[in-house]
Amino acid sequence: MLLKDEVAIITGAARGIGRSIAEKFASQGANLAIIDVNLEAAEQTAGELARQYGVKTMAARTDVSNAEDVDAMVKKVLDTFGRIDILVNNAGVTRDNLMLRMKDEEWDLVININLKGVFVCTRSVVRHMAKARKGNIINIASVVGQMGNAGQANYTASKGGVIALTKTTAREFAGRNVRVNAVAPGFINTAMTEVLSEQVKTEMLRQVPLDRMGEPEDIANGCLFLASGMSAYITGHVLAINGGMLMQ
Ligand SMILES: NC(=O)c1ccc[n+]([C@@H]2O[C@H](COP(=O)([O-])OP(=O)(O)OC[C@H]3O[C@@H](n4cnc5c(N)ncnc54)[C@H](O)[C@@H]3O)[C@@H](O)[C@H]2O)c1
């Protein structure tokens, strides 16, 4: 097992990509803190994974953009497990609109959750990792944070910011044996993309050489690689998992 007895905090883990990452880590022996704004769904996910994989899990209702919420959650995780080895900053939202129609509230909400949320969670957790001289942080960015996307000024800016923040955090904490990497998913089959029209889906798929949408497990597999010792000499990296949509 690649993560036996390690403790992982995963934000936005009640469903979708976050849940798949949690399940992958549980299958490798990690104990989990399932963090989400949706407590009921988080508790259900935590219960199911504990039963299925025989690991310890806890759930907490936390808004990642709220520093008080996050600090209280981190304390609860430390009280429960006594350590934090892995943080996956996965929680994210979209509020798409063309630039000229985008409201301040749409901009602020997405930047607050997707970008400030990564900063707030990282700041709260990394001090414990630095003290322990061991830690691993994975930030979920997006291919559109690398290439831009019409109608997503707020979302693409947040994800581009996450990539820059990943590199800065990697540089600040490398000396403390904390590795920090990002995963940039392409077009993945979750509730976030389910809402897109068939026309948009067809247009997006046309840009994907592997000619299929990604599955949450495609992202979870990359996260497992980055969370494990298999990637011991990798930090500040952006791992593209996009079916060839963007080749750099
Ligand atoms: N689905 C895709 O195609 C795709 C592509 C690239 C990147 N991503 C990124 O992957 C991540 C997961 O996306 P998904 O497709 O699984 O989405 P999803 O909507 O299925 O799941 C997101 C989860 O985050 C939770 N959440 C939302 N706001 C929160 C907050 N303030 N605090 C805590 N939790 C919160 C939601 O309750 C939900 O459980 C996001 O960061 C998203 O931007 C997704």
# chains A, B, ... in the order shown; residues from 1 in each chain; ligands from 1
>>> residues_near_ligand(ligand="ligand 1", cutoff="8 Å", atoms="only C-alpha atoms and all ligand atoms", output="PyMOL selection string")
chain A and resi 11-19+35-38+41-42+61-66+89-94+113-114+117+140-144+155+159+184-193+214+216
>>> residues_around(residues="stretch 169-182 of chain A", least_positions_apart="5", cutoff="10 Å", atoms="only C-alpha atoms", output="CSV table (one decimal) with C-alpha atoms, in the first residue's frame")
chain,number,residue,atom,x,y,z
A,85,ASP,CA,0.5,14.2,5.9
A,86,ILE,CA,-1.4,15.2,2.7
A,87,LEU,CA,-3.7,18.1,1.8
A,88,VAL,CA,-5.6,18.0,-1.5
A,89,ASN,CA,-7.1,21.4,-2.3
A,119,PHE,CA,-4.4,29.9,0.1
A,122,THR,CA,-2.6,25.7,2.7
A,123,ARG,CA,-1.6,28.4,5.3
A,126,VAL,CA,1.4,23.8,6.0
A,127,ARG,CA,2.6,25.2,9.4
A,129,MET,CA,3.7,20.0,7.9
A,130,ALA,CA,6.7,22.4,8.1
A,131,LYS,CA,7.1,21.6,11.9
A,132,ALA,CA,6.9,17.9,11.2
A,133,ARG,CA,9.3,18.3,8.3
A,134,LYS,CA,7.1,16.2,6.1
A,135,GLY,CA,4.1,17.0,3.9
A,136,ASN,CA,2.5,16.8,0.6
A,137,ILE,CA,0.1,19.3,-1.0
A,138,ILE,CA,-1.8,18.8,-4.2
A,139,ASN,CA,-3.8,21.6,-5.8
A,140,ILE,CA,-6.5,20.9,-8.3
A,141,ALA,CA,-6.1,23.5,-11.1
A,142,SER,CA,-7.6,23.1,-14.6
A,162,VAL,CA,-3.7,28.2,-8.3
A,163,ILE,CA,-0.8,27.2,-10.6
A,164,ALA,CA,1.3,30.2,-9.6
A,222,GLY,CA,-2.4,11.2,-10.9
A,223,CYS,CA,-3.0,12.5,-7.3
A,226,LEU,CA,2.0,12.8,-6.5
A,227,ALA,CA,0.9,11.9,-3.0
A,231,SER,CA,7.1,11.2,-7.0
A,232,ALA,CA,9.7,11.9,-4.3
A,233,TYR,CA,11.8,14.2,-6.5
A,234,ILE,CA,8.9,16.2,-8.0
A,235,THR,CA,7.8,19.5,-6.6
A,236,GLY,CA,6.3,22.7,-8.2
A,237,HIS,CA,5.0,20.6,-11.1
A,238,VAL,CA,1.7,20.9,-13.0
A,239,LEU,CA,0.6,17.4,-14.0
A,240,ALA,CA,-1.7,17.7,-17.1
>>> atom_distance(atom1="atom CA of A:Val208", atom2="atom CA of A:Gly160")
20.4 Å
>>> atom_distance(atom1="atom CA of A:Glu6", atom2="atom CA of A:Val125")
14.7 Å
>>> atom_distance(atom1="atom CA of A:Ile84", atom2="atom CA of A:Met58")
13.0 Å
>>> select_by_dssp(residues="stretch 88-172 of chain A", states="alpha helix (DSSP H)", output="ChimeraX atom specification")
/A:104-110,117-132,144-147,153-172
>>> write_last_selection(atoms="N, CA and C atoms", output="CSV table (one decimal), in the first residue's frame")
chain,number,residue,atom,x,y,z
A,104,ASP,N,-19.8,41.4,-10.5
A,104,ASP,CA,-18.8,41.3,-9.5
A,104,ASP,C,-19.0,40.1,-8.5
A,105,GLU,N,-20.2,39.8,-8.2
A,105,GLU,CA,-20.5,38.7,-7.3
A,105,GLU,C,-20.0,37.4,-7.9
A,106,GLU,N,-20.2,37.2,-9.2
A,106,GLU,CA,-19.7,36.0,-9.8
A,106,GLU,C,-18.2,35.9,-9.8
A,107,TRP,N,-17.6,37.0,-10.0
A,107,TRP,CA,-16.1,37.0,-10.0
A,107,TRP,C,-15.6,36.7,-8.6
A,108,ASP,N,-16.2,37.4,-7.6
A,108,ASP,CA,-15.7,37.3,-6.2
A,108,ASP,C,-15.9,35.9,-5.7
A,109,LEU,N,-17.1,35.3,-5.9
A,109,LEU,CA,-17.4,34.0,-5.4
A,109,LEU,C,-16.4,32.9,-5.9
A,110,VAL,N,-16.1,33.0,-7.2
A,110,VAL,CA,-15.2,31.9,-7.8
A,110,VAL,C,-13.8,32.2,-7.3
A,117,GLY,N,-9.4,30.0,-1.3
A,117,GLY,CA,-9.6,28.8,-0.5
A,117,GLY,C,-8.4,27.9,-0.5
A,118,VAL,N,-7.6,27.9,-1.6
A,118,VAL,CA,-6.4,27.1,-1.6
A,118,VAL,C,-5.3,27.8,-0.7
A,119,PHE,N,-5.3,29.1,-0.7
A,119,PHE,CA,-4.4,29.9,0.1
A,119,PHE,C,-4.7,29.6,1.6
A,120,VAL,N,-6.0,29.8,2.0
A,120,VAL,CA,-6.4,29.7,3.4
A,120,VAL,C,-6.1,28.3,3.9
A,121,CYS,N,-6.5,27.2,3.1
A,121,CYS,CA,-6.3,25.9,3.6
A,121,CYS,C,-4.8,25.5,3.7
A,122,THR,N,-4.0,26.0,2.7
A,122,THR,CA,-2.6,25.7,2.7
A,122,THR,C,-1.9,26.4,3.9
A,123,ARG,N,-2.2,27.7,4.1
A,123,ARG,CA,-1.6,28.4,5.3
A,123,ARG,C,-1.9,27.7,6.6
A,124,SER,N,-3.1,27.2,6.7
A,124,SER,CA,-3.5,26.6,8.0
A,124,SER,C,-2.8,25.2,8.2
A,125,VAL,N,-2.6,24.5,7.1
A,125,VAL,CA,-2.1,23.1,7.2
A,125,VAL,C,-0.6,23.1,7.2
A,126,VAL,N,0.0,24.0,6.3
A,126,VAL,CA,1.4,23.8,6.0
A,126,VAL,C,2.3,24.1,7.2
A,127,ARG,N,1.8,24.9,8.2
A,127,ARG,CA,2.6,25.2,9.4
A,127,ARG,C,2.9,23.9,10.2
A,128,HIS,N,1.9,23.0,10.2
A,128,HIS,CA,2.1,21.7,10.9
A,128,HIS,C,3.0,20.8,10.1
A,129,MET,N,2.9,20.9,8.8
A,129,MET,CA,3.7,20.0,7.9
A,129,MET,C,5.2,20.5,8.0
A,130,ALA,N,5.4,21.8,8.1
A,130,ALA,CA,6.7,22.4,8.1
A,130,ALA,C,7.4,22.0,9.5
A,131,LYS,N,6.6,22.0,10.5
A,131,LYS,CA,7.1,21.6,11.9
A,131,LYS,C,7.5,20.1,11.9
A,132,ALA,N,6.6,19.3,11.2
A,132,ALA,CA,6.9,17.9,11.2
A,132,ALA,C,8.0,17.5,10.1
A,144,VAL,N,-8.1,24.9,-18.3
A,144,VAL,CA,-8.4,26.2,-18.8
A,144,VAL,C,-7.7,27.3,-18.0
A,145,GLY,N,-7.1,27.0,-16.9
A,145,GLY,CA,-6.2,27.9,-16.2
A,145,GLY,C,-4.9,28.0,-17.0
A,146,GLN,N,-4.6,27.1,-17.9
A,146,GLN,CA,-3.4,27.1,-18.7
A,146,GLN,C,-3.6,27.7,-20.0
A,147,MET,N,-4.8,27.5,-20.6
A,147,MET,CA,-5.1,28.0,-22.0
A,147,MET,C,-6.1,29.0,-22.1
A,153,ALA,N,-13.9,33.9,-17.3
A,153,ALA,CA,-12.9,34.8,-16.9
A,153,ALA,C,-12.5,34.6,-15.4
A,154,ASN,N,-13.6,34.4,-14.6
A,154,ASN,CA,-13.4,34.2,-13.1
A,154,ASN,C,-12.7,32.9,-12.9
A,155,TYR,N,-13.2,31.8,-13.5
A,155,TYR,CA,-12.7,30.5,-13.2
A,155,TYR,C,-11.3,30.3,-13.8
A,156,THR,N,-11.0,30.8,-15.0
A,156,THR,CA,-9.7,30.6,-15.5
A,156,THR,C,-8.6,31.4,-14.7
A,157,ALA,N,-9.0,32.6,-14.3
A,157,ALA,CA,-8.1,33.4,-13.5
A,157,ALA,C,-7.8,32.7,-12.2
A,158,SER,N,-8.9,32.1,-11.6
A,158,SER,CA,-8.7,31.4,-10.3
A,158,SER,C,-7.7,30.2,-10.5
A,159,LYS,N,-7.9,29.5,-11.6
A,159,LYS,CA,-7.1,28.3,-11.8
A,159,LYS,C,-5.6,28.6,-12.2
A,160,GLY,N,-5.5,29.7,-13.0
A,160,GLY,CA,-4.1,30.2,-13.3
A,160,GLY,C,-3.4,30.6,-12.0
A,161,GLY,N,-4.2,31.3,-11.1
A,161,GLY,CA,-3.7,31.7,-9.8
A,161,GLY,C,-3.2,30.5,-9.0
A,162,VAL,N,-4.0,29.4,-9.0
A,162,VAL,CA,-3.7,28.2,-8.3
A,162,VAL,C,-2.4,27.6,-8.8
A,163,ILE,N,-2.1,27.7,-10.1
A,163,ILE,CA,-0.8,27.2,-10.6
A,163,ILE,C,0.3,28.0,-10.1
A,164,ALA,N,0.2,29.4,-10.1
A,164,ALA,CA,1.3,30.2,-9.6
A,164,ALA,C,1.5,30.0,-8.1
A,165,LEU,N,0.4,29.9,-7.4
A,165,LEU,CA,0.4,29.7,-5.9
A,165,LEU,C,1.1,28.3,-5.6
A,166,THR,N,0.9,27.3,-6.4
A,166,THR,CA,1.5,26.0,-6.2
A,166,THR,C,3.0,26.2,-6.3
A,167,LYS,N,3.5,26.9,-7.3
A,167,LYS,CA,4.9,27.1,-7.5
A,167,LYS,C,5.6,27.9,-6.3
A,168,THR,N,4.9,28.9,-5.9
A,168,THR,CA,5.4,29.7,-4.8
A,168,THR,C,5.4,28.9,-3.5
A,169,THR,N,4.4,28.1,-3.2
A,169,THR,CA,4.3,27.3,-2.0
A,169,THR,C,5.4,26.2,-2.1
A,170,ALA,N,5.6,25.7,-3.2
A,170,ALA,CA,6.7,24.6,-3.4
A,170,ALA,C,8.0,25.2,-3.1
A,171,ARG,N,8.3,26.5,-3.6
A,171,ARG,CA,9.6,27.1,-3.3
A,171,ARG,C,9.7,27.4,-1.8
A,172,GLU,N,8.7,27.9,-1.2
A,172,GLU,CA,8.8,28.4,0.2
A,172,GLU,C,9.0,27.2,1.2
>>> closest_residue(among="A:Ile21, A:Leu205, A:Val77, A:Leu3", to="A:Ala33", atoms="only C-alpha atoms")
A:Val77
>>> select_by_dssp(residues="stretch 3-142 of chain A", states="strand (DSSP E or B)", output="VMD selection string")
chain A and resid 7 to 11 31 to 36 57 to 61 86 to 89 97 135 to 140
>>> write_last_selection(atoms="N, CA and C atoms", output="short mmCIF file (atom, residue, chain, number, x, y, z; two decimals), in the first residue's frame")
data_model
loop_
_atom_site.label_atom_id
_atom_site.label_comp_id
_atom_site.auth_asym_id
_atom_site.auth_seq_id
_atom_site.Cartn_x
_atom_site.Cartn_y
_atom_site.Cartn_z
N VAL A 7 -2.34 10.43 6.87
CA VAL A 7 -3.59 11.18 7.08
C VAL A 7 -3.73 12.23 5.98
N ALA A 8 -4.85 12.17 5.27
CA ALA A 8 -5.08 13.09 4.15
C ALA A 8 -6.34 13.92 4.38
N ILE A 9 -6.19 15.24 4.21
CA ILE A 9 -7.36 16.13 4.17
C ILE A 9 -7.68 16.36 2.70
N ILE A 10 -8.93 16.13 2.32
CA ILE A 10 -9.35 16.37 0.94
C ILE A 10 -10.56 17.29 0.95
N THR A 11 -10.44 18.46 0.32
CA THR A 11 -11.56 19.41 0.33
C THR A 11 -12.48 19.14 -0.87
N ASN A 31 -5.90 7.29 6.05
CA ASN A 31 -7.03 7.76 6.85
C ASN A 31 -7.42 9.14 6.32
N LEU A 32 -8.74 9.44 6.37
CA LEU A 32 -9.22 10.59 5.59
C LEU A 32 -10.03 11.59 6.40
N ALA A 33 -9.81 12.88 6.10
CA ALA A 33 -10.74 13.93 6.53
C ALA A 33 -11.47 14.39 5.27
N ILE A 34 -12.77 14.09 5.23
CA ILE A 34 -13.61 14.44 4.08
C ILE A 34 -14.24 15.80 4.37
N ILE A 35 -13.79 16.82 3.65
CA ILE A 35 -14.20 18.21 3.94
C ILE A 35 -15.11 18.70 2.82
N ASP A 36 -16.22 19.34 3.21
CA ASP A 36 -17.14 19.85 2.19
C ASP A 36 -18.11 20.85 2.83
N THR A 57 -12.02 7.47 9.03
CA THR A 57 -12.42 8.69 8.32
C THR A 57 -13.17 9.62 9.26
N MET A 58 -13.14 10.90 8.93
CA MET A 58 -14.00 11.87 9.62
C MET A 58 -14.54 12.82 8.55
N ALA A 59 -15.64 13.49 8.88
CA ALA A 59 -16.20 14.47 7.95
C ALA A 59 -16.34 15.79 8.67
N ALA A 60 -16.19 16.90 7.94
CA ALA A 60 -16.42 18.21 8.54
C ALA A 60 -17.07 19.13 7.53
N ARG A 61 -17.98 19.98 8.05
CA ARG A 61 -18.56 21.02 7.21
C ARG A 61 -17.66 22.24 7.27
N ILE A 86 -1.05 14.78 4.11
CA ILE A 86 -1.42 15.15 2.74
C ILE A 86 -2.59 16.13 2.78
N LEU A 87 -2.51 17.18 1.97
CA LEU A 87 -3.66 18.08 1.77
C LEU A 87 -3.96 18.12 0.28
N VAL A 88 -5.20 17.82 -0.08
CA VAL A 88 -5.61 17.99 -1.48
C VAL A 88 -6.62 19.13 -1.54
N ASN A 89 -6.22 20.23 -2.16
CA ASN A 89 -7.11 21.38 -2.33
C ASN A 89 -7.90 21.17 -3.62
N ASN A 97 -19.89 33.14 -17.29
CA ASN A 97 -20.56 34.24 -17.98
C ASN A 97 -19.55 34.92 -18.90
N GLY A 135 5.48 16.67 4.39
CA GLY A 135 4.14 17.02 3.94
C GLY A 135 4.02 16.98 2.43
N ASN A 136 2.78 16.91 1.99
CA ASN A 136 2.52 16.79 0.57
C ASN A 136 1.21 17.52 0.25
N ILE A 137 1.29 18.51 -0.62
CA ILE A 137 0.10 19.29 -0.97
C ILE A 137 -0.16 19.15 -2.47
N ILE A 138 -1.42 18.89 -2.80
CA ILE A 138 -1.81 18.76 -4.21
C ILE A 138 -2.97 19.72 -4.47
N ASN A 139 -2.78 20.61 -5.42
CA ASN A 139 -3.83 21.58 -5.76
C ASN A 139 -4.47 21.21 -7.08
N ILE A 140 -5.80 21.19 -7.11
CA ILE A 140 -6.50 20.85 -8.35
C ILE A 140 -6.74 22.15 -9.14
#
>>> closest_residue(among="A:Ala67, A:Ala220, A:Ala26, A:Ala72", to="A:Gln52", atoms="only C-alpha atoms")
A:Ala26
>>> residues_around(residues="A:Met1", least_positions_apart="3", cutoff="10 Å", atoms="only C-alpha atoms", output="PyMOL selection string")
chain A and resi 4-5+25-30+228
>>> write_last_selection(atoms="N, CA and C atoms", output="mmCIF file, in the first residue's frame")
data_model
loop_
_atom_site.group_PDB
_atom_site.id
_atom_site.type_symbol
_atom_site.label_atom_id
_atom_site.label_comp_id
_atom_site.auth_asym_id
_atom_site.auth_seq_id
_atom_site.Cartn_x
_atom_site.Cartn_y
_atom_site.Cartn_z
ATOM 1 N N LYS A 4 -0.129 3.835 3.456
ATOM 2 C CA LYS A 4 -0.545 3.164 4.696
ATOM 3 C C LYS A 4 -0.407 4.075 5.913
ATOM 4 N N ASP A 5 -1.516 4.284 6.633
ATOM 5 C CA ASP A 5 -1.590 5.063 7.872
ATOM 6 C C ASP A 5 -1.300 6.552 7.725
ATOM 7 N N PHE A 25 -7.139 7.083 -2.296
ATOM 8 C CA PHE A 25 -6.221 7.139 -1.148
ATOM 9 C C PHE A 25 -6.626 6.091 -0.092
ATOM 10 N N ALA A 26 -7.935 5.927 0.132
ATOM 11 C CA ALA A 26 -8.400 4.919 1.097
ATOM 12 C C ALA A 26 -7.977 3.524 0.651
ATOM 13 N N SER A 27 -8.039 3.281 -0.647
ATOM 14 C CA SER A 27 -7.662 1.955 -1.168
ATOM 15 C C SER A 27 -6.174 1.679 -0.939
ATOM 16 N N GLN A 28 -5.407 2.745 -0.668
ATOM 17 C CA GLN A 28 -3.973 2.600 -0.403
ATOM 18 C C GLN A 28 -3.652 2.781 1.081
ATOM 19 N N GLY A 29 -4.698 2.703 1.929
ATOM 20 C CA GLY A 29 -4.479 2.654 3.379
ATOM 21 C C GLY A 29 -4.476 3.993 4.095
ATOM 22 N N ALA A 30 -4.822 5.091 3.405
ATOM 23 C CA ALA A 30 -4.809 6.403 4.069
ATOM 24 C C ALA A 30 -6.060 6.610 4.916
ATOM 25 N N SER A 228 2.359 9.977 -3.303
ATOM 26 C CA SER A 228 3.174 8.849 -2.840
ATOM 27 C C SER A 228 4.668 9.117 -3.049
#
